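Student: Contents of data.txt (compact mmCIF, C-alpha atoms):
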```txt
# COMPACT_ATOMS: atom_id res chain seq x y z
CA MET P 122 0.00 0.00 0.00
CA THR P 123 1.07 3.57 -0.62
CA ALA P 124 3.17 5.01 2.20
CA ALA P 125 1.38 7.23 4.67
CA GLU P 126 1.06 10.71 3.23
CA ASP P 127 3.64 10.43 0.51
CA LEU P 128 1.60 10.75 -2.64
CA THR P 129 4.69 10.98 -4.83
CA THR P 130 5.65 7.34 -4.24
CA ILE P 131 3.86 4.07 -4.83
CA ARG P 132 4.98 1.03 -2.90
CA VAL P 133 3.73 -2.45 -3.68
CA ASP P 134 5.18 -5.66 -2.37
CA GLN P 135 4.48 -9.26 -3.13
CA PHE P 136 5.76 -12.62 -1.97
CA TYR P 137 6.61 -15.33 -4.50
CA PRO P 138 7.29 -18.96 -3.59
CA HIS P 139 10.39 -18.94 -5.81
CA SER P 140 14.09 -18.30 -5.29
CA PRO P 141 15.51 -14.78 -5.63
CA ALA P 142 17.60 -16.07 -8.57
CA ARG P 143 14.46 -17.08 -10.40
CA VAL P 144 12.66 -13.81 -9.66
CA TRP P 145 15.79 -11.96 -10.75
CA ARG P 146 15.78 -13.85 -14.04
CA ALA P 147 12.13 -12.89 -14.66
CA LEU P 148 13.06 -9.25 -13.99
CA THR P 149 16.16 -9.07 -16.16
CA THR P 150 15.55 -11.38 -19.12
CA PRO P 151 13.93 -9.26 -21.86
CA ALA P 152 11.61 -12.01 -23.11
CA LEU P 153 10.40 -12.86 -19.60
CA LEU P 154 10.12 -9.20 -18.65
CA GLY P 155 8.01 -8.76 -21.78
CA GLN P 156 5.65 -11.49 -20.62
CA TRP P 157 4.62 -9.86 -17.37
CA LEU P 158 5.42 -6.19 -17.92
CA MET P 159 5.80 -4.94 -21.49
CA PRO P 160 7.78 -5.65 -24.65
CA ASN P 161 11.22 -4.07 -24.27
CA ASP P 162 14.84 -3.93 -25.36
CA PHE P 163 16.23 -4.17 -21.86
CA GLN P 164 19.82 -5.21 -21.22
CA ALA P 165 21.19 -6.00 -17.79
CA VAL P 166 23.87 -3.34 -18.04
CA GLU P 167 24.09 -0.20 -15.95
CA GLY P 168 23.60 2.89 -18.11
CA HIS P 169 21.75 0.97 -20.83
CA ARG P 170 18.89 2.98 -22.32
CA PHE P 171 15.81 1.14 -23.47
CA THR P 172 12.09 1.44 -23.99
CA PHE P 173 8.95 -0.36 -22.94
CA THR P 174 6.12 -0.40 -25.42
CA ALA P 175 2.82 -0.27 -23.62
CA THR P 176 0.05 -2.56 -24.62
CA ARG P 177 -2.47 -1.51 -22.03
CA ASP P 178 -4.32 1.45 -20.67
CA VAL P 179 -2.32 3.59 -18.33
CA ASN P 180 -2.26 7.35 -18.90
CA PHE P 181 0.77 7.72 -21.08
CA SER P 182 1.86 7.83 -24.69
CA GLY P 183 2.48 4.13 -24.88
CA ILE P 184 6.26 4.31 -24.95
CA ILE P 185 8.28 4.52 -21.79
CA ALA P 186 11.88 5.62 -22.02
CA CYS P 187 14.08 4.01 -19.40
CA GLU P 188 17.66 3.74 -18.29
CA VAL P 189 19.21 1.13 -16.05
CA LEU P 190 20.37 3.20 -13.06
CA GLU P 191 21.50 0.43 -10.75
CA ILE P 192 21.76 -3.30 -11.16
CA ARG P 193 22.96 -5.63 -8.42
CA ALA P 194 22.06 -9.28 -8.87
CA PRO P 195 19.98 -10.72 -7.32
CA GLU P 196 18.99 -7.84 -5.02
CA ARG P 197 18.20 -4.61 -6.71
CA LEU P 198 17.22 -3.24 -10.09
CA ARG P 199 16.57 0.47 -10.39
CA ILE P 200 15.47 2.07 -13.64
CA SER P 201 14.33 5.52 -14.70
CA TRP P 202 10.79 5.58 -16.08
CA ARG P 203 9.81 8.48 -18.28
CA ASP P 204 7.01 8.94 -20.78
CA ALA P 205 8.62 9.25 -24.22
CA ASP P 206 5.94 11.82 -25.07
CA GLY P 207 7.42 15.13 -23.93
CA ASN P 208 3.94 16.51 -23.10
CA ASN P 209 3.55 14.14 -20.23
CA PRO P 210 5.66 15.35 -17.33
CA LEU P 211 5.96 11.92 -15.73
CA ASP P 212 9.64 11.50 -14.90
CA SER P 213 10.01 8.80 -12.33
CA THR P 214 12.11 5.96 -10.98
CA VAL P 215 11.14 2.34 -10.45
CA THR P 216 13.09 0.25 -7.96
CA PHE P 217 12.75 -3.49 -7.54
CA ASP P 218 14.20 -4.88 -4.32
CA LEU P 219 14.38 -8.62 -3.75
CA ARG P 220 14.63 -10.19 -0.31
CA ALA P 221 14.93 -13.87 0.42
CA GLU P 222 12.11 -14.77 2.79
CA GLY P 223 11.51 -18.29 4.02
CA ARG P 224 11.34 -20.53 0.99
CA GLY P 225 10.65 -17.69 -1.39
CA THR P 226 11.27 -14.10 -2.27
CA ARG P 227 9.63 -10.86 -1.34
CA LEU P 228 9.65 -8.33 -4.13
CA ILE P 229 9.30 -4.71 -3.07
CA LEU P 230 8.47 -2.32 -5.84
CA GLU P 231 8.80 1.41 -5.35
CA HIS P 232 7.72 3.81 -8.06
CA SER P 233 8.68 7.34 -7.07
CA GLY P 234 8.76 10.80 -8.54
CA PHE P 235 5.09 11.49 -9.16
CA ASP P 236 4.39 15.16 -9.41
CA PRO P 237 3.05 16.51 -6.10
CA ASP P 238 1.68 19.53 -7.99
CA ASP P 239 -0.46 17.46 -10.29
CA PRO P 240 -4.09 18.72 -9.97
CA GLY P 241 -5.36 15.24 -9.12
CA GLN P 242 -2.77 14.89 -6.38
CA GLN P 243 -3.59 18.33 -4.98
CA LEU P 244 -7.27 17.52 -4.88
CA ALA P 245 -6.55 14.24 -3.20
CA ARG P 246 -4.40 15.97 -0.59
CA ARG P 247 -7.04 18.60 0.10
CA ILE P 248 -9.79 16.06 0.60
CA MET P 249 -7.73 13.47 2.33
CA SER P 250 -5.61 15.54 4.64
CA GLY P 251 -4.77 14.66 8.20
CA GLY P 252 -4.01 11.01 7.69
CA TRP P 253 -7.45 10.24 6.44
CA ARG P 254 -6.34 8.76 3.16
CA SER P 255 -3.85 6.32 4.62
CA ARG P 256 -6.15 5.43 7.51
CA VAL P 257 -9.07 4.71 5.25
CA LEU P 258 -7.04 2.90 2.65
CA ARG P 259 -5.46 0.73 5.31
CA ARG P 260 -8.80 -0.22 6.80
CA LEU P 261 -10.20 -0.60 3.35
CA GLY P 262 -7.49 -3.15 2.69
CA ASP P 263 -8.49 -5.07 5.84
CA LEU P 264 -12.10 -4.86 4.82
CA LEU P 265 -11.38 -6.20 1.34
CA ASP P 266 -9.30 -9.02 2.79
CA ALA P 267 -12.22 -9.98 4.99
CA LEU P 268 -14.79 -9.96 2.21
CA PRO P 269 -15.84 -13.43 1.11
CA GLU P 270 -15.82 -12.48 -2.56
CA GLY P 271 -16.28 -9.52 -4.87
CA PRO P 272 -14.51 -7.85 -7.75
CA ALA P 273 -11.90 -6.19 -5.58
CA SER P 274 -11.06 -8.95 -3.15
CA SER P 275 -9.00 -10.94 -5.64
CA ARG P 276 -6.44 -8.18 -5.90
CA SER P 277 -6.46 -7.08 -2.31
CA PRO P 278 -2.98 -5.94 -1.46
CA GLU P 279 -0.41 -7.89 0.48
CA ARG P 280 0.87 -5.58 3.09
CA MET Q 21 -6.26 25.19 -25.60
CA THR Q 22 -9.59 24.55 -23.93
CA ARG Q 23 -10.31 21.68 -21.65
CA THR Q 24 -13.62 19.90 -21.44
CA ALA Q 25 -14.63 18.75 -18.01
CA ARG Q 26 -15.87 15.21 -18.04
CA ALA Q 27 -18.07 13.86 -15.29
CA LEU Q 28 -16.47 10.87 -13.65
CA PRO Q 29 -18.03 8.20 -11.45
CA VAL Q 30 -15.76 9.36 -8.64
CA ASP Q 31 -17.21 12.88 -8.67
CA ARG Q 32 -20.06 12.03 -6.31
CA VAL Q 33 -17.73 10.13 -4.06
CA LEU Q 34 -15.31 13.05 -3.92
CA ALA Q 35 -18.18 15.44 -3.18
CA ALA Q 36 -19.42 13.18 -0.40
CA LEU Q 37 -15.93 12.93 1.07
CA ALA Q 38 -15.33 16.68 0.93
CA ASN Q 39 -16.86 17.16 4.36
CA PRO Q 40 -15.26 16.41 7.73
CA THR Q 41 -18.47 15.13 9.35
CA ARG Q 42 -19.10 12.66 6.57
CA ARG Q 43 -15.52 11.44 6.77
CA GLU Q 44 -16.00 10.91 10.52
CA VAL Q 45 -19.16 8.93 9.80
CA LEU Q 46 -17.24 6.71 7.41
CA ASP Q 47 -14.46 6.31 9.95
CA LEU Q 48 -17.03 5.13 12.47
CA LEU Q 49 -18.61 2.70 10.03
CA LEU Q 50 -15.26 1.21 9.04
CA GLU Q 51 -15.40 -0.40 12.49
CA GLY Q 52 -18.73 -2.02 11.72
CA PRO Q 53 -22.40 -1.30 10.92
CA ARG Q 54 -24.29 1.13 13.14
CA SER Q 55 -27.82 2.37 13.52
CA ALA Q 56 -28.73 5.92 12.57
CA SER Q 57 -29.33 6.90 16.20
CA ASP Q 58 -26.03 5.35 17.22
CA ILE Q 59 -24.27 7.47 14.60
CA ALA Q 60 -26.20 10.61 15.55
CA ALA Q 61 -25.21 10.15 19.19
CA GLN Q 62 -21.55 10.50 18.24
CA PHE Q 63 -21.99 13.98 16.83
CA ASP Q 64 -22.76 17.23 18.50
CA MET Q 65 -25.32 18.37 15.96
CA ALA Q 66 -29.05 18.24 15.30
CA ARG Q 67 -30.41 14.90 14.20
CA PRO Q 68 -31.73 16.26 10.86
CA SER Q 69 -28.23 17.46 9.97
CA VAL Q 70 -26.83 14.01 10.63
CA SER Q 71 -29.62 12.51 8.53
CA GLU Q 72 -28.72 14.84 5.71
CA HIS Q 73 -25.10 13.70 5.81
CA LEU Q 74 -26.20 10.08 5.83
CA ARG Q 75 -28.41 10.74 2.82
CA GLU Q 76 -25.51 12.24 0.88
CA LEU Q 77 -23.28 9.34 1.75
CA ARG Q 78 -25.96 6.89 0.70
CA GLU Q 79 -26.50 8.65 -2.62
CA SER Q 80 -22.79 8.59 -3.34
CA GLY Q 81 -22.90 4.82 -2.97
CA LEU Q 82 -20.59 4.83 0.04
CA LEU Q 83 -23.24 3.61 2.48
CA SER Q 84 -25.75 0.82 2.33
CA GLU Q 85 -28.87 0.97 4.42
CA THR Q 86 -30.71 -2.02 5.77
CA ARG Q 87 -33.96 -1.96 7.70
CA ASP Q 88 -34.14 -4.06 10.79
CA GLY Q 89 -37.66 -3.68 12.15
CA ARG Q 90 -37.98 0.01 12.87
CA TYR Q 91 -34.25 0.57 12.91
CA ARG Q 92 -32.09 1.53 10.00
CA ARG Q 93 -28.62 0.19 10.00
CA TYR Q 94 -25.85 1.67 7.95
CA SER Q 95 -22.77 -0.08 6.71
CA ILE Q 96 -19.95 0.98 4.46
CA ASN Q 97 -19.91 -0.03 0.83
CA ALA Q 98 -16.31 -0.36 -0.29
CA ASP Q 99 -16.76 -0.40 -4.06
CA PRO Q 100 -16.69 3.40 -4.56
CA LEU Q 101 -13.59 3.60 -2.38
CA VAL Q 102 -11.90 1.01 -4.54
CA GLU Q 103 -12.77 3.09 -7.61
CA LEU Q 104 -11.43 6.14 -5.85
CA ARG Q 105 -8.19 4.41 -4.97
CA ASP Q 106 -7.73 3.38 -8.58
CA TRP Q 107 -8.51 6.90 -9.74
CA LEU Q 108 -6.08 8.45 -7.25
CA GLY Q 109 -3.33 6.08 -8.19
CA PRO Q 110 -3.78 4.32 -11.52
CA TYR Q 111 -0.17 3.20 -11.32
CA GLU Q 112 -0.76 1.41 -8.04
CA ARG Q 113 -3.32 -0.78 -9.69
CA PHE Q 114 -1.07 -1.15 -12.72
CA TRP Q 115 1.80 -2.51 -10.61
CA ARG Q 116 -0.44 -4.76 -8.55
CA ASP Q 117 -1.79 -6.31 -11.72
CA ARG Q 118 1.69 -6.66 -13.21
CA LEU Q 119 3.18 -8.23 -10.10
CA THR Q 120 0.35 -10.75 -10.15
CA GLY Q 121 1.28 -11.47 -13.77
CA LEU Q 122 4.91 -11.92 -12.71
CA GLY Q 123 3.74 -14.65 -10.34
CA ALA Q 124 2.25 -16.57 -13.27
CA VAL Q 125 5.46 -16.18 -15.30
CA LEU Q 126 7.54 -17.44 -12.35
CA ASP Q 127 5.28 -20.47 -11.98
CA SER Q 128 5.69 -21.36 -15.64
CA MET Q 129 9.46 -20.88 -15.86
CA PRO Q 130 11.58 -24.02 -16.24
CA ASP Q 131 13.29 -25.18 -13.03
CA ASP Q 132 16.95 -24.59 -13.74
CA ASP Q 133 18.03 -22.53 -10.82
CA THR Q 134 16.58 -24.21 -7.77
```
Please rewrite the model in this file as structure tokens.
Tutor:
Amino acid sequence: MTAAEDLTTIRVDQFYPHSPARVWRALTTPALLGQWLMPNDFQAVEGHRFTFTATRDVNFSGIIACEVLEIRAPERLRISWRDADGNNPLDSTVTFDLRAEGRGTRLILEHSGFDPDDPGQQLARRIMSGGWRSRVLRRLGDLLDALPEGPASSRSPER
Amino acid sequence: MTRTARALPVDRVLAALANPTRREVLDLLLEGPRSASDIAAQFDMARPSVSEHLRELRESGLLSETRDGRYRRYSINADPLVELRDWLGPYERFWRDRLTGLGAVLDSMPDDDT
């Protein structure tokens, strides 16, 4: 779930019952990366510039320009994430951190650099000030976890 | 360049949330369903004002009302909040969906590293 009041960063984490080496391979092999994220010309080399070609509906041009900022197998991959369309100000960083946990791996994804001055973000802050947003979203998560079924319960966050 | 405002499903939810009393009501109901009089007792305001807030919350879809004899019980309806969360952070949903997809890829990968 998103960190308390920091609306410029998204944090999502997920546990996989697979070794860090295997998760690392899925993150850094272009064909595998293409299967779960987007088609790309990634190379596991620091400083390498590449693009993702979007196939689905998020608010951007469809092409994401990236650069490998940090790569440390099998622990951390950090890339820049910028909309190739200059009209979209999104200029952000995505960090994947892998931690061995029990018989598997916890993947912590942090996407940071969202514009705090974006009108949507400002509106959200105004309405949801004083901890309300994080409090409600946290309890909402509990509520969704407790629901027997429903459209949202299948993707209730692991926190 | 002109911009055309487009009504979104979250508009009513945002309007309903743009009031401290209504947010307090939701806070209360996140703990569990309550009767109208139970809710009213928590606020230092006239009963009709509380009823008005409950009506707005109901119309936004955030509350469901059930009748239990002569009592009305209110409970929270999470669906609009889920929509709101997705609207506030489309990328959060994007990454959640993608990380779920990564799980499927990991499951189908050949076992050559374990």
Student: So, with only C-alpha atoms as the atoms that count, which of P:Leu228, P:Glu188, P:Asp134, P:Ser233 lies closest to Ala147 in chain P?
Tutor: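 Comparing P:Leu228, P:Glu188, P:Asp134, P:Ser233 against Ala147 in chain P, the winner is P:Leu228.
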Student: Under the rule that all atoms listed in the file are counted, which of P:Val133, P:Arg197, P:His169, P:Trp202 is the nearest residue to Ile184 in chain P?
Tutor: P:Trp202
Student: Using all atoms listed in the file, give me every residue within 10 Å of (13.4, -21.9, -11.2) in file coordinates, as a list of chain:residue names.
Tutor: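 Those residues lying close to the given coordinates are P:His139, P:Ser140, P:Pro141, P:Ala142, P:Arg143, P:Val144, P:Arg146, P:Ala147, Q:Leu126, Q:Asp127, Q:Ser128, Q:Met129, Q:Pro130, Q:Asp131, Q:Asp132, Q:Asp133, Q:Thr134.
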Student: Counting all atoms listed in the file, which residue out of Q:Arg87, Q:Arg32, Q:Arg67, Q:Arg93 sits closest to Arg54 in chain Q?
Tutor: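 The shortest atom-to-atom distance to Arg54 in chain Q comes from Q:Arg93.
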Student: Pick out the closest residue to Thr129 in chain P from this set: P:Arg220, P:Arg227, P:Leu211, P:Pro160. Count all atoms listed in the file.
Tutor: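 Among the listed residues, P:Leu211 lies closest to Thr129 in chain P.
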Student: Could you list the residues in chain Q lying within 8 Å of chain P, using only C-alpha atoms, and format the result as a ChimeraX atom specification?
Tutor: /Q:34,37-38,47,50,98-99,101-102,105,108,110-112,114-119,121-123,125-126,133-134
Student: May I ask for the distance between CA of Met65 in chain Q and CA of Leu46 in chain Q, given in Å to one decimal place?
Tutor: 16.6 Å
Student: Could you state the separation of CA of Val215 in chain P and CA of Phe173 in chain P in Å, given to one decimal place?
Tutor: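 If I compute the distance from CA of Val215 in chain P to CA of Phe173 in chain P, I get 13.0 Å.
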Student: Can you tell me, as a VMD selection string, what residues are no more than 10 Å from range 71-85 of chain Q when counting all atoms listed in the file, ignoring any on the same chain fewer than 6 positions away?
Tutor: chain Q and resid 29 to 37 39 41 to 43 45 to 46 49 53 to 57 59 to 60 92 to 101
Student: In Å, rounded to a single decimal, give me how far CA of Gly234 in chain P is from CA of Thr216 in chain P.
Tutor: 11.4 Å
